[in-house]
file entry_28.cif (mmCIF, C-alpha atoms)
data_structure
loop_
_atom_site.label_atom_id
_atom_site.label_comp_id
_atom_site.auth_asym_id
_atom_site.auth_seq_id
_atom_site.Cartn_x
_atom_site.Cartn_y
_atom_site.Cartn_z
CA MET A 1 202.35 156.93 136.74
CA PHE A 2 199.79 158.64 138.89
CA VAL A 3 196.20 157.90 138.07
CA SER A 4 193.63 159.94 139.88
CA ARG A 5 190.40 158.48 141.14
CA SER A 6 188.42 160.50 138.63
CA HIS A 7 190.54 159.20 135.75
CA LEU A 8 190.14 155.66 137.00
CA ALA A 9 186.40 156.17 137.30
CA ALA A 10 186.21 157.47 133.76
CA VAL A 11 188.23 154.55 132.40
CA VAL A 12 186.09 152.01 134.22
CA ALA A 13 182.90 153.70 133.08
CA THR A 14 184.11 153.79 129.49
CA ALA A 15 185.05 150.11 129.63
CA ALA A 16 181.67 149.23 131.11
CA THR A 17 179.90 151.23 128.43
CA ALA A 18 181.94 149.64 125.65
CA SER A 19 181.33 146.12 126.93
CA ILE A 20 177.60 146.72 127.20
CA LEU A 21 177.45 148.14 123.68
CA LEU A 22 179.47 145.23 122.33
CA PHE A 23 177.16 142.66 123.83
CA THR A 24 173.93 144.41 123.03
CA GLY A 25 174.37 145.25 119.39
CA PRO A 26 171.54 145.27 116.86
CA ALA A 27 169.51 142.10 116.90
CA ALA A 28 169.91 139.83 113.92
CA ALA A 29 167.00 138.38 112.02
CA ASP A 30 167.90 134.90 113.20
CA ASP A 31 167.21 135.94 116.81
CA MET A 32 163.50 136.10 116.12
CA PRO A 33 161.15 133.12 116.21
CA ASP A 34 161.03 131.35 112.84
CA GLU A 35 157.26 131.70 112.58
CA LEU A 36 157.61 135.49 112.56
CA ARG A 37 160.05 135.57 109.67
CA PRO A 38 157.47 135.39 106.82
CA ARG A 39 155.40 138.10 108.48
CA VAL A 40 158.38 140.41 108.82
CA GLU A 41 159.33 139.71 105.19
CA ALA A 42 155.79 140.65 104.18
CA ILE A 43 155.95 143.85 106.25
CA CYS A 44 159.25 144.84 104.69
CA ALA A 45 157.93 144.06 101.21
CA ARG A 46 155.10 146.53 101.80
CA VAL A 47 157.52 149.38 102.48
CA PRO A 48 158.36 150.34 98.87
CA VAL A 49 154.70 150.11 97.87
CA ALA A 50 153.64 152.47 100.66
CA GLU A 51 156.59 154.75 99.91
CA ASP A 52 155.59 154.96 96.25
CA ARG A 53 151.97 155.75 97.11
CA VAL A 54 153.00 158.52 99.52
CA ASP A 55 155.42 159.99 96.97
CA ARG A 56 152.74 160.03 94.25
CA LEU A 57 150.19 161.66 96.55
CA LEU A 58 152.63 164.34 97.65
CA ALA A 59 153.52 165.03 94.02
CA ARG A 60 149.83 165.44 93.21
CA ILE A 61 149.22 167.81 96.12
CA ASP A 62 152.28 169.84 95.21
CA GLY A 63 151.41 169.84 91.51
CA ASP A 64 150.37 172.86 89.48
CA GLU A 65 146.87 174.03 88.69
CA SER A 66 146.42 171.41 85.99
CA VAL A 67 146.91 168.53 88.44
CA ARG A 68 143.75 167.10 89.92
CA GLY A 69 144.10 167.08 93.70
CA SER A 70 146.73 169.80 93.88
CA LEU A 71 146.57 172.67 96.33
CA ALA A 72 147.26 175.05 93.45
CA ARG A 73 144.15 173.79 91.69
CA LEU A 74 142.00 174.28 94.79
CA GLU A 75 143.41 177.77 95.31
CA ALA A 76 142.65 178.70 91.71
CA ARG A 77 139.09 177.45 92.12
CA LEU A 78 138.77 179.44 95.33
CA GLN A 79 139.94 182.56 93.56
CA ARG A 80 137.37 182.08 90.82
CA ALA A 81 134.61 181.44 93.36
CA GLU A 82 135.52 184.62 95.23
CA ASP A 83 135.70 186.61 92.00
CA ASP A 84 132.23 185.38 91.06
CA GLY A 85 130.85 186.10 94.52
CA ARG A 86 129.96 182.47 95.19
CA ILE A 87 130.32 182.64 98.95
CA ASP A 88 129.19 179.10 99.76
CA ALA A 89 131.50 177.56 97.19
CA ALA A 90 134.36 179.68 98.46
CA THR A 91 133.74 178.48 102.01
CA VAL A 92 133.73 174.83 100.91
CA LEU A 93 136.92 175.33 98.94
CA THR A 94 138.60 177.09 101.84
CA ASN A 95 137.78 174.12 104.06
CA ARG A 96 139.10 171.73 101.44
CA ILE A 97 142.36 173.67 101.25
CA THR A 98 142.70 173.43 105.02
CA THR A 99 142.08 169.67 104.95
CA ARG A 100 144.41 169.20 101.99
CA THR A 101 147.18 171.13 103.74
CA ALA A 102 146.76 168.94 106.84
CA ALA A 103 146.81 165.82 104.67
CA ARG A 104 150.04 166.99 103.10
CA GLU A 105 151.66 167.39 106.52
CA LEU A 106 150.41 163.97 107.57
CA LEU A 107 151.76 162.35 104.41
CA ALA A 108 155.14 163.90 105.04
CA ALA A 109 155.09 162.45 108.55
CA ARG A 110 154.10 159.05 107.15
CA GLN A 111 156.97 159.26 104.72
CA ASN A 112 159.32 159.53 107.68
CA GLU A 113 157.64 156.58 109.40
CA ILE A 114 158.10 154.48 106.29
CA HIS A 115 161.79 155.29 106.33
CA VAL A 116 161.94 154.25 109.99
CA ILE A 117 160.31 150.91 109.15
CA ALA A 118 162.70 150.46 106.22
CA ASP A 119 165.62 151.08 108.57
CA LEU A 120 164.14 148.63 111.05
CA CYS A 121 163.93 146.00 108.32
CA ALA A 122 167.56 146.57 107.38
CA GLU A 123 168.72 146.45 110.98
CA HIS A 124 166.99 143.11 111.46
CA GLY A 125 168.48 141.69 108.28
CA PHE A 126 165.52 142.09 105.94
CA THR A 127 165.45 143.87 102.62
CA THR A 128 162.39 145.73 101.41
CA ASP A 129 161.93 143.41 98.44
CA GLY A 130 160.51 140.68 100.65
CA SER A 131 163.64 138.73 101.46
CA THR A 132 166.46 138.59 103.97
CA ASP A 133 169.73 140.16 102.93
CA GLY A 134 171.69 137.04 103.77
CA ALA A 135 173.89 138.81 106.27
CA SER A 136 172.11 137.36 109.25
CA THR A 137 170.70 134.12 107.97
CA MET B 138 184.34 151.50 145.37
CA SER B 139 184.11 155.25 145.69
CA ARG B 140 180.82 157.10 145.54
CA ARG B 141 182.09 158.97 142.48
CA LEU B 142 182.86 155.74 140.62
CA ILE B 143 179.47 154.33 141.48
CA ALA B 144 177.83 157.54 140.31
CA VAL B 145 179.72 157.47 137.02
CA LEU B 146 178.81 153.82 136.41
CA ILE B 147 175.17 154.37 137.21
CA GLY B 148 175.17 157.45 135.02
CA SER B 149 176.61 155.48 132.12
CA LEU B 150 174.06 152.73 132.52
CA LEU B 151 171.17 155.15 132.74
CA THR B 152 172.35 157.00 129.67
CA ILE B 153 172.66 153.75 127.72
CA SER B 154 169.22 152.61 128.81
CA GLY B 155 167.74 155.95 127.85
CA CYS B 156 166.84 157.04 131.35
CA GLY B 157 169.61 159.53 131.94
CA PRO B 158 169.37 163.30 131.64
CA GLY B 159 167.93 164.04 128.22
CA GLY B 160 168.07 160.37 127.38
CA ILE B 161 164.46 159.39 127.42
CA ARG B 162 163.41 161.47 124.48
CA SER B 163 166.49 161.00 122.34
CA THR B 164 166.76 157.27 122.93
CA ALA B 165 163.07 156.73 122.42
CA SER B 166 163.22 158.50 119.10
CA SER B 167 166.39 156.85 117.91
CA THR B 168 165.63 153.25 118.80
CA SER B 169 161.90 153.03 118.31
CA ALA B 170 159.53 153.24 115.43
CA PRO B 171 157.47 156.36 116.06
CA PRO B 172 154.22 155.81 117.93
CA ALA B 173 151.60 157.24 115.65
CA THR B 174 148.44 158.78 117.02
CA GLU B 175 146.88 160.99 114.40
CA THR B 176 143.41 161.55 113.13
CA ILE B 177 142.39 162.40 109.63
CA GLY B 178 139.17 161.73 107.87
CA GLY B 179 137.82 160.03 110.98
CA SER B 180 140.49 157.33 111.14
CA VAL B 181 142.77 156.98 114.12
CA THR B 182 146.12 155.32 113.80
CA THR B 183 148.00 154.02 116.79
CA ALA B 184 151.04 151.85 116.79
CA SER B 185 153.26 150.66 119.58
CA PRO B 186 156.92 151.56 119.42
CA VAL B 187 159.11 148.78 118.12
CA ALA B 188 162.59 148.48 119.54
CA ARG B 189 165.46 148.15 117.14
CA ASP B 190 168.07 146.85 119.51
CA ARG B 191 166.57 143.42 120.15
CA ALA B 192 164.95 140.59 118.25
CA LEU B 193 161.45 141.36 117.01
CA THR B 194 158.62 139.85 119.00
CA GLU B 195 155.08 138.86 118.08
CA ALA B 196 153.86 142.15 119.57
CA ASP B 197 156.36 144.14 117.48
CA VAL B 198 155.27 142.40 114.29
CA GLU B 199 151.61 142.97 115.09
CA ALA B 200 152.31 146.66 115.75
CA LEU B 201 154.13 147.02 112.44
CA GLU B 202 151.35 145.21 110.56
CA LYS B 203 148.78 147.45 112.22
CA THR B 204 150.79 150.57 111.37
CA LEU B 205 151.03 149.60 107.71
CA ASP B 206 147.34 148.61 107.55
CA GLN B 207 146.35 151.98 108.96
CA MET B 208 148.75 153.73 106.62
CA ASP B 209 147.13 151.94 103.67
CA ARG B 210 143.70 153.11 104.80
CA LEU B 211 144.96 156.67 105.22
CA LEU B 212 146.53 156.68 101.77
CA THR B 213 143.31 155.38 100.24
CA GLU B 214 141.33 158.11 102.00
CA VAL B 215 143.68 160.80 100.71
CA GLU B 216 143.59 159.33 97.18
CA LEU B 217 139.80 159.43 97.20
CA ASP B 218 139.85 162.99 98.49
CA LEU B 219 142.21 164.09 95.73
CA ASP B 220 140.19 162.27 93.09
CA ALA B 221 137.07 164.13 94.27
CA ASP B 222 138.46 167.47 93.04
#

call {"tool": "encode", "arguments": {"input": "entry_28.cif", "output": "structure tokens"}}
result
Amino acid sequence: MFVSRSHLAAVVATAATASILLFTGPAAADDMPDELRPRVEAICARVPVAEDRVDRLLARIDGDESVRGSLARLEARLQRAEDDGRIDAATVLTNRITTRTAARELLAARQNEIHVIADLCAEHGFTTDGSTDGAST
Amino acid sequence: MSRRLIAVLIGSLLTISGCGPGGIRSTASSTSAPPATETIGGSVTTASPVARDRALTEADVEALEKTLDQMDRLLTEVELDLDAD
């Protein structure tokens, strides 16, 4: 069978890639120094707490006019201020809406970061309830 | 070893290490916790990327602790802001 140089090159490259991936897989929790283990467990245990706080804050911001802290509530107040001709109050409320909108975007970004940390915990053999999952211990 | 073979091997290695064409951004985002540098309410949060494909180090753990501490402060700030309505 004729094997061209390019085919041979591709096969060798694939083999090299596969061998590197096989020997550099995700690190297990038992690769880390023992003294770090409690700290990582504590970090991972904080993940669901932070996630819950972010979820609650986002729900408040996205809530309807009756929800304290919601954008809808601020917008309703702004409308009333404008209707009443209270210019200063309207300006303050407009600024608060801008800040609240930015906070909402930031919280959404933080939510993604929390998921990244949760994934990191899992990949290193830690659960987010403050323990190791047993797979790597 | 032919030049082509060497080129292919080097290309594979660079791609794996995240240095190949288009590899820096995608690998950095897929194997690292996101470096956070944002400002809100006067607080600045900065965290070093933490690699996933190796054992965690002291520096990684410190970066994660710092990230979560700063996140806690941010969440408290936002809570206070919402409560002020």

call {"tool": "closest_residue", "arguments": {"input": "entry_28.cif", "among": "A:Val40, A:Leu93, A:Ala76, A:Ala118", "to": "chain B", "atoms": "all atoms listed in the file"}}
result
A:Val40

call {"tool": "atom_distance", "arguments": {"input": "entry_28.cif", "atom1": "CA of Ile97 (chain A)", "atom2": "CA of Ser70 (chain A)"}}
result
9.4 Å

call {"tool": "resolve_selection", "arguments": {"input": "entry_28.cif", "expression": "the PyMOL selection byres ((chain A and resi 54) around 10)", "output": "PyMOL selection string"}}
result
(chain A and resi 48-53+55-60+104+107-108+110-111+114) or (chain B and resi 208-209+212+215-216)

call {"tool": "atom_distance", "arguments": {"input": "entry_28.cif", "atom1": "CA of Ala192 (chain B)", "atom2": "CA of Asp31 (chain A)"}}
result
5.4 Å

call {"tool": "closest_residue", "arguments": {"input": "entry_28.cif", "among": "B:Glu214, B:Glu199, B:Asp222, B:Asp206", "to": "chain A", "atoms": "only C-alpha atoms"}}
result
B:Asp222

call {"tool": "atom_distance", "arguments": {"input": "entry_28.cif", "atom1": "CA of Leu78 (chain A)", "atom2": "CA of Asn95 (chain A)"}}
result
10.3 Å

call {"tool": "closest_residue", "arguments": {"input": "entry_28.cif", "among": "A:Leu74, A:Thr98, A:Cys44, A:Asp34", "to": "Glu123 (chain A)", "atoms": "only C-alpha atoms"}}
result
A:Cys44

call {"tool": "closest_residue", "arguments": {"input": "entry_28.cif", "among": "B:Arg191, B:Ala221, B:Asp197, B:Thr204", "to": "chain A", "atoms": "all atoms listed in the file"}}
result
B:Arg191

call {"tool": "closest_residue", "arguments": {"input": "entry_28.cif", "among": "A:Ala81, A:Gly69, A:Ala102, A:Val47", "to": "chain B", "atoms": "only C-alpha atoms"}}
result
A:Gly69
